[in-house]
$ cat final-v5.cif   # mmCIF, C-alpha atoms, pLDDT in the B column; chains and numbers go by the auth columns
data_work
#
loop_
_atom_site.group_PDB
_atom_site.id
_atom_site.type_symbol
_atom_site.label_atom_id
_atom_site.label_comp_id
_atom_site.label_asym_id
_atom_site.label_seq_id
_atom_site.Cartn_x
_atom_site.Cartn_y
_atom_site.Cartn_z
_atom_site.B_iso_or_equiv
_atom_site.auth_seq_id
_atom_site.auth_asym_id
ATOM 1 C CA MET A 1 208.891 -88.618 -93.128 57.00 1 A
ATOM 2 C CA LYS A 2 208.528 -84.835 -93.391 78.00 2 A
ATOM 3 C CA PHE A 3 209.929 -84.848 -96.921 78.00 3 A
ATOM 4 C CA GLU A 4 207.192 -87.298 -97.976 84.00 4 A
ATOM 5 C CA ASN A 5 204.514 -84.974 -96.565 83.00 5 A
ATOM 6 C CA LEU A 6 206.024 -82.052 -98.451 84.00 6 A
ATOM 7 C CA THR A 7 206.114 -84.112 -101.647 87.00 7 A
ATOM 8 C CA ARG A 8 202.453 -85.079 -101.255 88.00 8 A
ATOM 9 C CA PHE A 9 201.565 -81.447 -100.557 89.00 9 A
ATOM 10 C CA ALA A 10 203.435 -80.280 -103.677 88.00 10 A
ATOM 11 C CA ARG A 11 201.791 -83.004 -105.754 91.00 11 A
ATOM 12 C CA GLY A 12 198.439 -81.396 -104.929 91.00 12 A
ATOM 13 C CA PHE A 13 199.523 -78.292 -106.851 93.00 13 A
ATOM 14 C CA VAL A 14 200.400 -80.444 -109.842 94.00 14 A
ATOM 15 C CA TYR A 15 196.949 -82.034 -109.757 94.00 15 A
ATOM 16 C CA ALA A 16 195.324 -78.593 -109.526 94.00 16 A
ATOM 17 C CA TYR A 17 197.414 -77.353 -112.466 95.00 17 A
ATOM 18 C CA ASN A 18 196.393 -80.421 -114.488 95.00 18 A
ATOM 19 C CA GLY A 19 192.730 -79.730 -113.723 94.00 19 A
ATOM 20 C CA ILE A 20 192.990 -76.111 -114.838 95.00 20 A
ATOM 21 C CA ARG A 21 194.867 -77.159 -117.968 96.00 21 A
ATOM 22 C CA ALA A 22 192.163 -79.741 -118.766 95.00 22 A
ATOM 23 C CA ALA A 23 189.479 -77.070 -118.338 95.00 23 A
ATOM 24 C CA ILE A 24 191.318 -74.728 -120.706 95.00 24 A
ATOM 25 C CA ASN A 25 191.750 -77.487 -123.265 95.00 25 A
ATOM 26 C CA GLU A 26 188.264 -78.980 -123.088 94.00 26 A
ATOM 27 C CA GLU A 27 185.772 -76.496 -121.604 95.00 27 A
ATOM 28 C CA ARG A 28 184.538 -73.743 -123.920 95.00 28 A
ATOM 29 C CA ASN A 29 182.787 -71.856 -121.109 95.00 29 A
ATOM 30 C CA PHE A 30 185.963 -71.796 -119.012 96.00 30 A
ATOM 31 C CA ARG A 31 187.853 -70.312 -121.971 97.00 31 A
ATOM 32 C CA PHE A 32 185.074 -67.721 -122.374 96.00 32 A
ATOM 33 C CA HIS A 33 185.352 -66.702 -118.720 97.00 33 A
ATOM 34 C CA LEU A 34 189.135 -66.412 -119.016 96.00 34 A
ATOM 35 C CA CYS A 35 188.731 -64.027 -121.948 97.00 35 A
ATOM 36 C CA ALA A 36 186.052 -62.029 -120.112 96.00 36 A
ATOM 37 C CA ALA A 37 188.447 -61.753 -117.158 97.00 37 A
ATOM 38 C CA PHE A 38 191.079 -60.229 -119.440 97.00 38 A
ATOM 39 C CA TYR A 39 188.621 -57.523 -120.542 96.00 39 A
ATOM 40 C CA ALA A 40 187.539 -56.904 -116.938 97.00 40 A
ATOM 41 C CA PHE A 41 191.110 -56.224 -115.885 97.00 41 A
ATOM 42 C CA VAL A 42 191.787 -54.034 -118.918 96.00 42 A
ATOM 43 C CA ALA A 43 188.645 -52.045 -118.105 96.00 43 A
ATOM 44 C CA ALA A 44 189.721 -51.760 -114.466 97.00 44 A
ATOM 45 C CA TYR A 45 193.084 -50.374 -115.589 96.00 45 A
ATOM 46 C CA TRP A 46 191.553 -47.909 -118.064 96.00 46 A
ATOM 47 C CA ALA A 47 188.916 -46.799 -115.540 96.00 47 A
ATOM 48 C CA GLY A 48 191.629 -46.139 -112.972 95.00 48 A
ATOM 49 C CA LEU A 49 190.036 -48.280 -110.279 96.00 49 A
ATOM 50 C CA PRO A 50 191.714 -48.113 -106.873 97.00 50 A
ATOM 51 C CA ALA A 51 193.423 -51.239 -105.558 97.00 51 A
ATOM 52 C CA VAL A 52 190.511 -52.302 -103.362 97.00 52 A
ATOM 53 C CA GLU A 53 188.102 -52.221 -106.294 97.00 53 A
ATOM 54 C CA VAL A 54 190.549 -54.124 -108.512 97.00 54 A
ATOM 55 C CA ALA A 55 190.749 -56.698 -105.720 98.00 55 A
ATOM 56 C CA LEU A 56 186.941 -56.933 -105.781 97.00 56 A
ATOM 57 C CA VAL A 57 187.058 -57.540 -109.544 97.00 57 A
ATOM 58 C CA ALA A 58 189.739 -60.196 -108.970 97.00 58 A
ATOM 59 C CA ILE A 59 187.632 -61.947 -106.317 98.00 59 A
ATOM 60 C CA CYS A 60 184.608 -61.976 -108.638 97.00 60 A
ATOM 61 C CA VAL A 61 186.693 -63.314 -111.536 97.00 61 A
ATOM 62 C CA ALA A 62 188.269 -65.988 -109.337 97.00 62 A
ATOM 63 C CA ALA A 63 184.850 -67.033 -108.003 97.00 63 A
ATOM 64 C CA VAL A 64 183.372 -67.400 -111.493 97.00 64 A
ATOM 65 C CA LEU A 65 186.401 -69.390 -112.702 97.00 65 A
ATOM 66 C CA ALA A 66 186.340 -71.591 -109.588 97.00 66 A
ATOM 67 C CA LEU A 67 182.625 -72.290 -109.991 97.00 67 A
ATOM 68 C CA GLU A 68 183.167 -73.075 -113.658 96.00 68 A
ATOM 69 C CA LEU A 69 185.805 -75.641 -112.618 96.00 69 A
ATOM 70 C CA VAL A 70 183.374 -77.141 -110.081 96.00 70 A
ATOM 71 C CA ASN A 71 180.623 -77.207 -112.701 95.00 71 A
ATOM 72 C CA SER A 72 182.911 -79.010 -115.147 94.00 72 A
ATOM 73 C CA ALA A 73 183.943 -81.494 -112.462 94.00 73 A
ATOM 74 C CA ILE A 74 180.320 -82.255 -111.599 93.00 74 A
ATOM 75 C CA GLU A 75 179.426 -82.651 -115.269 90.00 75 A
ATOM 76 C CA ARG A 76 182.224 -85.176 -115.712 90.00 76 A
ATOM 77 C CA ALA A 77 181.442 -87.014 -112.494 88.00 77 A
ATOM 78 C CA VAL A 78 177.784 -87.571 -113.364 88.00 78 A
ATOM 79 C CA ASP A 79 178.071 -87.885 -117.137 81.00 79 A
ATOM 80 C CA LYS A 80 176.314 -90.896 -118.696 74.00 80 A
ATOM 81 C CA PRO A 81 174.795 -92.354 -115.525 67.00 81 A
ATOM 82 C CA ASP A 82 172.815 -95.566 -115.568 71.00 82 A
ATOM 83 C CA THR A 83 169.114 -95.240 -116.351 69.00 83 A
ATOM 84 C CA THR A 84 168.026 -95.257 -112.690 70.00 84 A
ATOM 85 C CA HIS A 85 170.106 -92.141 -111.913 73.00 85 A
ATOM 86 C CA TRP A 86 169.700 -90.099 -115.106 78.00 86 A
ATOM 87 C CA TRP A 87 167.287 -87.541 -113.601 80.00 87 A
ATOM 88 C CA THR A 88 169.396 -86.774 -110.538 84.00 88 A
ATOM 89 C CA ALA A 89 172.539 -86.559 -112.673 86.00 89 A
ATOM 90 C CA GLY A 90 170.852 -84.059 -114.965 86.00 90 A
ATOM 91 C CA ALA A 91 169.607 -82.052 -111.996 89.00 91 A
ATOM 92 C CA ALA A 92 173.107 -81.976 -110.464 90.00 92 A
ATOM 93 C CA LYS A 93 174.573 -80.703 -113.733 91.00 93 A
ATOM 94 C CA ASP A 94 171.852 -78.054 -114.044 93.00 94 A
ATOM 95 C CA MET A 95 172.348 -76.883 -110.467 95.00 95 A
ATOM 96 C CA ALA A 96 176.106 -76.567 -110.944 94.00 96 A
ATOM 97 C CA ALA A 97 175.531 -74.568 -114.125 95.00 97 A
ATOM 98 C CA GLY A 98 173.047 -72.435 -112.192 96.00 98 A
ATOM 99 C CA ALA A 99 175.693 -71.711 -109.561 96.00 99 A
ATOM 100 C CA VAL A 100 178.008 -70.381 -112.272 96.00 100 A
ATOM 101 C CA LEU A 101 175.198 -68.257 -113.691 96.00 101 A
ATOM 102 C CA VAL A 102 174.320 -66.785 -110.283 97.00 102 A
ATOM 103 C CA MET A 103 177.950 -65.831 -109.629 97.00 103 A
ATOM 104 C CA ALA A 104 178.372 -64.447 -113.149 96.00 104 A
ATOM 105 C CA LEU A 105 175.270 -62.269 -112.697 97.00 105 A
ATOM 106 C CA GLY A 106 176.600 -61.082 -109.340 96.00 106 A
ATOM 107 C CA THR A 107 179.860 -60.224 -111.061 96.00 107 A
ATOM 108 C CA VAL A 108 177.991 -58.221 -113.705 96.00 108 A
ATOM 109 C CA ILE A 109 176.239 -56.276 -110.935 97.00 109 A
ATOM 110 C CA VAL A 110 179.592 -55.540 -109.280 97.00 110 A
ATOM 111 C CA ALA A 111 181.005 -54.464 -112.652 96.00 111 A
ATOM 112 C CA VAL A 112 178.094 -52.105 -113.301 97.00 112 A
ATOM 113 C CA CYS A 113 178.479 -50.572 -109.836 97.00 113 A
ATOM 114 C CA LEU A 114 182.226 -50.075 -110.326 97.00 114 A
ATOM 115 C CA PHE A 115 182.338 -48.990 -113.973 97.00 115 A
ATOM 116 C CA TRP A 116 179.115 -47.005 -114.467 97.00 116 A
ATOM 117 C CA PRO A 117 180.348 -43.913 -112.592 96.00 117 A
ATOM 118 C CA ARG A 118 183.619 -44.112 -114.528 96.00 118 A
ATOM 119 C CA LEU A 119 182.260 -44.611 -118.050 95.00 119 A
ATOM 120 C CA GLY A 120 183.634 -41.238 -119.155 95.00 120 A
ATOM 121 C CA THR A 121 187.135 -42.062 -117.933 95.00 121 A
ATOM 122 C CA LEU A 122 186.915 -45.541 -119.418 94.00 122 A
ATOM 123 C CA TRP A 123 185.836 -44.186 -122.808 95.00 123 A
ATOM 124 C CA ALA A 124 188.486 -41.444 -122.772 95.00 124 A
ATOM 125 C CA ASN A 125 191.239 -43.973 -122.050 94.00 125 A
ATOM 126 C CA PHE A 126 189.852 -46.402 -124.629 94.00 126 A
ATOM 127 C CA THR A 127 189.947 -43.745 -127.364 93.00 127 A
ATOM 128 C CA ALA A 128 193.159 -42.048 -126.155 94.00 128 A
ATOM 129 C CA ARG A 129 195.206 -43.934 -128.755 93.00 129 A
ATOM 130 C CA PRO A 130 194.040 -45.403 -132.071 93.00 130 A
ATOM 131 C CA SER A 131 195.888 -48.597 -131.231 94.00 131 A
ATOM 132 C CA ARG A 132 193.579 -49.374 -128.302 94.00 132 A
ATOM 133 C CA PRO A 133 190.339 -49.962 -130.252 94.00 133 A
ATOM 134 C CA ALA A 134 192.374 -51.832 -132.861 95.00 134 A
ATOM 135 C CA GLY A 135 193.985 -53.915 -130.113 95.00 135 A
ATOM 136 C CA ILE A 136 190.603 -54.754 -128.596 95.00 136 A
ATOM 137 C CA LEU A 137 189.300 -55.755 -132.008 95.00 137 A
ATOM 138 C CA LEU A 138 192.362 -57.951 -132.569 96.00 138 A
ATOM 139 C CA THR A 139 191.933 -59.628 -129.181 96.00 139 A
ATOM 140 C CA LEU A 140 188.259 -60.249 -129.962 95.00 140 A
ATOM 141 C CA VAL A 141 189.267 -62.175 -133.079 95.00 141 A
ATOM 142 C CA ILE A 142 192.003 -64.078 -131.236 95.00 142 A
ATOM 143 C CA PHE A 143 189.716 -64.866 -128.310 95.00 143 A
ATOM 144 C CA TYR A 144 186.949 -66.016 -130.649 95.00 144 A
ATOM 145 C CA LYS A 145 189.380 -68.531 -132.137 95.00 145 A
ATOM 146 C CA PHE A 146 190.538 -69.500 -128.633 95.00 146 A
ATOM 147 C CA ILE A 147 187.030 -69.955 -127.229 95.00 147 A
ATOM 148 C CA PHE A 148 185.510 -71.823 -130.165 94.00 148 A
ATOM 149 C CA ARG A 149 188.538 -73.871 -131.149 87.00 149 A
ATOM 150 C CA SER A 150 188.087 -77.543 -131.727 71.00 150 A
ATOM 151 C CA SER A 151 189.838 -79.790 -129.260 59.00 151 A
ATOM 152 C CA ASN A 152 192.029 -82.726 -130.179 56.00 152 A
ATOM 153 C CA SER A 153 189.744 -85.225 -128.520 49.00 153 A
ATOM 154 C CA THR A 154 186.296 -86.159 -129.741 47.00 154 A
ATOM 155 C CA GLU A 155 184.695 -86.245 -126.314 56.00 155 A
ATOM 156 C CA LYS A 156 185.297 -84.527 -122.975 59.00 156 A
ATOM 157 C CA GLY A 157 187.550 -86.579 -120.771 57.00 157 A
ATOM 158 C CA LYS A 158 188.860 -88.707 -123.617 57.00 158 A
ATOM 159 C CA GLN A 159 192.478 -88.613 -124.545 52.00 159 A
ATOM 160 C CA PRO A 160 193.418 -88.726 -128.214 47.00 160 A
ATOM 161 C CA ASN A 161 194.640 -92.316 -127.855 44.00 161 A
ATOM 162 C CA GLY A 162 191.165 -93.464 -126.796 45.00 162 A
ATOM 163 C CA LYS A 163 191.910 -93.901 -123.098 45.00 163 A
ATOM 164 C CA THR A 164 189.641 -92.168 -120.621 49.00 164 A
ATOM 165 C CA ASP A 165 190.713 -90.093 -117.667 48.00 165 A
ATOM 166 C CA SER A 166 190.283 -92.074 -114.505 42.00 166 A
#

$ encode --input "final-v5.cif" --output "structure tokens"
Amino acid sequence: MKFENLTRFARGFVYAYNGIRAAINEERNFRFHLCAAFYAFVAAYWAGLPAVEVALVAICVAAVLALELVNSAIERAVDKPDTTHWWTAGAAKDMAAGAVLVMALGTVIVAVCLFWPRLGTLWANFTARPSRPAGILLTLVIFYKFIFRSSNSTEKGKQPNGKTDS
């Protein structure tokens, strides 16, 4: 009996992994936020942020990514409603997108508060080696391709074989 409970508990992690993987594969905004998170952590490293402030950056990044997952889930759940529910479905999608925007703006405020006093250190570490600006430029190109890539499916939630996720 206890082994079955453990199996069900572990299966929850598999479902969560599948949801994150689906967001990476099908949600452009989620991919954008992942790339922005990379730059936030690079900036935190170059600015020499203490551990507590890096943890604050990590919490902000995790909150934005989590809200983006919730937003994507709501969009899928209310997509293409019948004509009597179209307004409420649209409002739910807009509100979920608004939640992501509010958290992203809060994250920008946190970033400004953390990085503004350290702009000199950040710039000095950025320009310390010629490979760093070149590396950032290279990642910008790679991330552009990653963010704006075309997916294999023609529509969100559709598998290439035409079956829908359900």

$ atom_distance --input "final-v5.cif" --atom1 "atom CA of A:Val100" --atom2 "atom CA of A:Glu68"
6.0 Å

$ atom_distance --input "final-v5.cif" --atom1 "atom CA of A:Trp116" --atom2 "atom CA of A:Leu138"
25.0 Å

$ residues_around --input "final-v5.cif" --residues "A:Arg132" --least-positions-apart "6" --cutoff "12 Å" --atoms "all atoms listed in the file" --output "VMD selection string"
chain A and resid 42 to 43 46 122 to 126 138 to 139

$ atom_distance --input "final-v5.cif" --atom1 "atom CA of A:Gly135" --atom2 "atom CA of A:Leu34"
17.4 Å

$ residues_around --input "final-v5.cif" --residues "A:Ala99" --least-positions-apart "3" --cutoff "10 Å" --atoms "only C-alpha atoms" --output "PyMOL selection string"
chain A and resi 64+67-68+70-71+93-96+102-105

$ resolve_selection --input "final-v5.cif" --expression "the PyMOL selection byres ((chain A and resi 143-151) around 7)" --output "list in words"
Asn25, Glu26, Arg28, Arg31, Phe32, Cys35, Thr139, Leu140, Val141, Ile142, Asn152 and Ser153 of chain A

$ decode --input "final-v5.cif" --residues "stretch 62-103 of chain A" --atoms "N, CA and C atoms" --output "tab-separated table (two decimals), in the first residue's frame"
chain	number	residue	atom	x	y	z
A	62	ALA	N	11.59	32.48	-10.38
A	62	ALA	CA	10.69	31.33	-10.20
A	62	ALA	C	9.23	31.77	-10.23
A	63	ALA	N	8.93	32.92	-9.62
A	63	ALA	CA	7.55	33.41	-9.60
A	63	ALA	C	7.07	33.76	-11.00
A	64	VAL	N	7.92	34.42	-11.78
A	64	VAL	CA	7.52	34.77	-13.15
A	64	VAL	C	7.31	33.50	-13.97
A	65	LEU	N	8.23	32.54	-13.87
A	65	LEU	CA	8.08	31.29	-14.63
A	65	LEU	C	6.84	30.53	-14.18
A	66	ALA	N	6.58	30.49	-12.88
A	66	ALA	CA	5.40	29.78	-12.38
A	66	ALA	C	4.12	30.45	-12.88
A	67	LEU	N	4.08	31.78	-12.84
A	67	LEU	CA	2.89	32.48	-13.33
A	67	LEU	C	2.72	32.30	-14.84
A	68	GLU	N	3.83	32.23	-15.55
A	68	GLU	CA	3.73	31.97	-16.99
A	68	GLU	C	3.16	30.58	-17.25
A	69	LEU	N	3.52	29.60	-16.45
A	69	LEU	CA	2.94	28.25	-16.56
A	69	LEU	C	1.43	28.29	-16.26
A	70	VAL	N	1.05	29.02	-15.21
A	70	VAL	CA	-0.37	29.14	-14.87
A	70	VAL	C	-1.12	29.84	-15.99
A	71	ASN	N	-0.54	30.91	-16.52
A	71	ASN	CA	-1.16	31.63	-17.62
A	71	ASN	C	-1.37	30.70	-18.82
A	72	SER	N	-0.36	29.92	-19.15
A	72	SER	CA	-0.49	28.99	-20.28
A	72	SER	C	-1.55	27.94	-20.02
A	73	ALA	N	-1.62	27.47	-18.77
A	73	ALA	CA	-2.64	26.47	-18.42
A	73	ALA	C	-4.04	27.05	-18.55
A	74	ILE	N	-4.22	28.28	-18.08
A	74	ILE	CA	-5.53	28.92	-18.19
A	74	ILE	C	-5.90	29.15	-19.65
A	75	GLU	N	-4.92	29.60	-20.44
A	75	GLU	CA	-5.20	29.81	-21.87
A	75	GLU	C	-5.66	28.52	-22.53
A	76	ARG	N	-5.01	27.42	-22.22
A	76	ARG	CA	-5.42	26.14	-22.81
A	76	ARG	C	-6.77	25.68	-22.30
A	77	ALA	N	-7.01	25.90	-21.01
A	77	ALA	CA	-8.26	25.41	-20.42
A	77	ALA	C	-9.47	26.15	-20.97
A	78	VAL	N	-9.32	27.42	-21.31
A	78	VAL	CA	-10.48	28.19	-21.77
A	78	VAL	C	-10.42	28.50	-23.26
A	79	ASP	N	-9.51	27.90	-23.97
A	79	ASP	CA	-9.39	28.17	-25.40
A	79	ASP	C	-10.61	27.65	-26.15
A	80	LYS	N	-11.08	28.42	-27.12
A	80	LYS	CA	-12.20	28.07	-27.99
A	80	LYS	C	-13.45	27.65	-27.21
A	81	PRO	N	-13.93	28.53	-26.32
A	81	PRO	CA	-15.16	28.17	-25.59
A	81	PRO	C	-16.38	28.31	-26.50
A	82	ASP	N	-17.50	27.80	-26.05
A	82	ASP	CA	-18.72	27.99	-26.83
A	82	ASP	C	-19.11	29.47	-26.79
A	83	THR	N	-20.01	29.86	-27.64
A	83	THR	CA	-20.32	31.29	-27.82
A	83	THR	C	-20.89	31.94	-26.57
A	84	THR	N	-21.50	31.19	-25.67
A	84	THR	CA	-22.08	31.79	-24.47
A	84	THR	C	-21.00	32.12	-23.43
A	85	HIS	N	-19.82	31.53	-23.54
A	85	HIS	CA	-18.76	31.76	-22.56
A	85	HIS	C	-17.55	32.49	-23.13
A	86	TRP	N	-17.63	33.00	-24.35
A	86	TRP	CA	-16.44	33.57	-24.98
A	86	TRP	C	-15.90	34.78	-24.23
A	87	TRP	N	-16.79	35.63	-23.66
A	87	TRP	CA	-16.31	36.84	-22.98
A	87	TRP	C	-15.57	36.47	-21.70
A	88	THR	N	-16.14	35.58	-20.90
A	88	THR	CA	-15.49	35.22	-19.65
A	88	THR	C	-14.18	34.48	-19.91
A	89	ALA	N	-14.13	33.68	-20.97
A	89	ALA	CA	-12.88	32.99	-21.30
A	89	ALA	C	-11.81	34.00	-21.67
A	90	GLY	N	-12.17	34.98	-22.47
A	90	GLY	CA	-11.21	36.02	-22.84
A	90	GLY	C	-10.75	36.81	-21.63
A	91	ALA	N	-11.66	37.12	-20.73
A	91	ALA	CA	-11.30	37.86	-19.53
A	91	ALA	C	-10.36	37.04	-18.64
A	92	ALA	N	-10.61	35.73	-18.53
A	92	ALA	CA	-9.74	34.87	-17.72
A	92	ALA	C	-8.34	34.84	-18.31
A	93	LYS	N	-8.24	34.73	-19.62
A	93	LYS	CA	-6.93	34.73	-20.27
A	93	LYS	C	-6.22	36.06	-20.07
A	94	ASP	N	-6.94	37.16	-20.18
A	94	ASP	CA	-6.34	38.48	-20.00
A	94	ASP	C	-5.87	38.69	-18.56
A	95	MET	N	-6.66	38.22	-17.61
A	95	MET	CA	-6.28	38.36	-16.20
A	95	MET	C	-5.03	37.54	-15.88
A	96	ALA	N	-4.95	36.34	-16.42
A	96	ALA	CA	-3.77	35.51	-16.20
A	96	ALA	C	-2.53	36.17	-16.82
A	97	ALA	N	-2.69	36.72	-18.00
A	97	ALA	CA	-1.57	37.44	-18.63
A	97	ALA	C	-1.21	38.67	-17.80
A	98	GLY	N	-2.20	39.33	-17.24
A	98	GLY	CA	-1.94	40.47	-16.37
A	98	GLY	C	-1.16	40.09	-15.12
A	99	ALA	N	-1.45	38.91	-14.58
A	99	ALA	CA	-0.71	38.44	-13.41
A	99	ALA	C	0.77	38.27	-13.74
A	100	VAL	N	1.06	37.72	-14.92
A	100	VAL	CA	2.45	37.57	-15.33
A	100	VAL	C	3.09	38.95	-15.47
A	101	LEU	N	2.39	39.88	-16.08
A	101	LEU	CA	2.93	41.22	-16.28
A	101	LEU	C	3.21	41.91	-14.95
A	102	VAL	N	2.30	41.80	-13.99
A	102	VAL	CA	2.50	42.42	-12.68
A	102	VAL	C	3.75	41.84	-12.01
A	103	MET	N	3.91	40.52	-12.04
A	103	MET	CA	5.08	39.91	-11.42
A	103	MET	C	6.35	40.28	-12.17
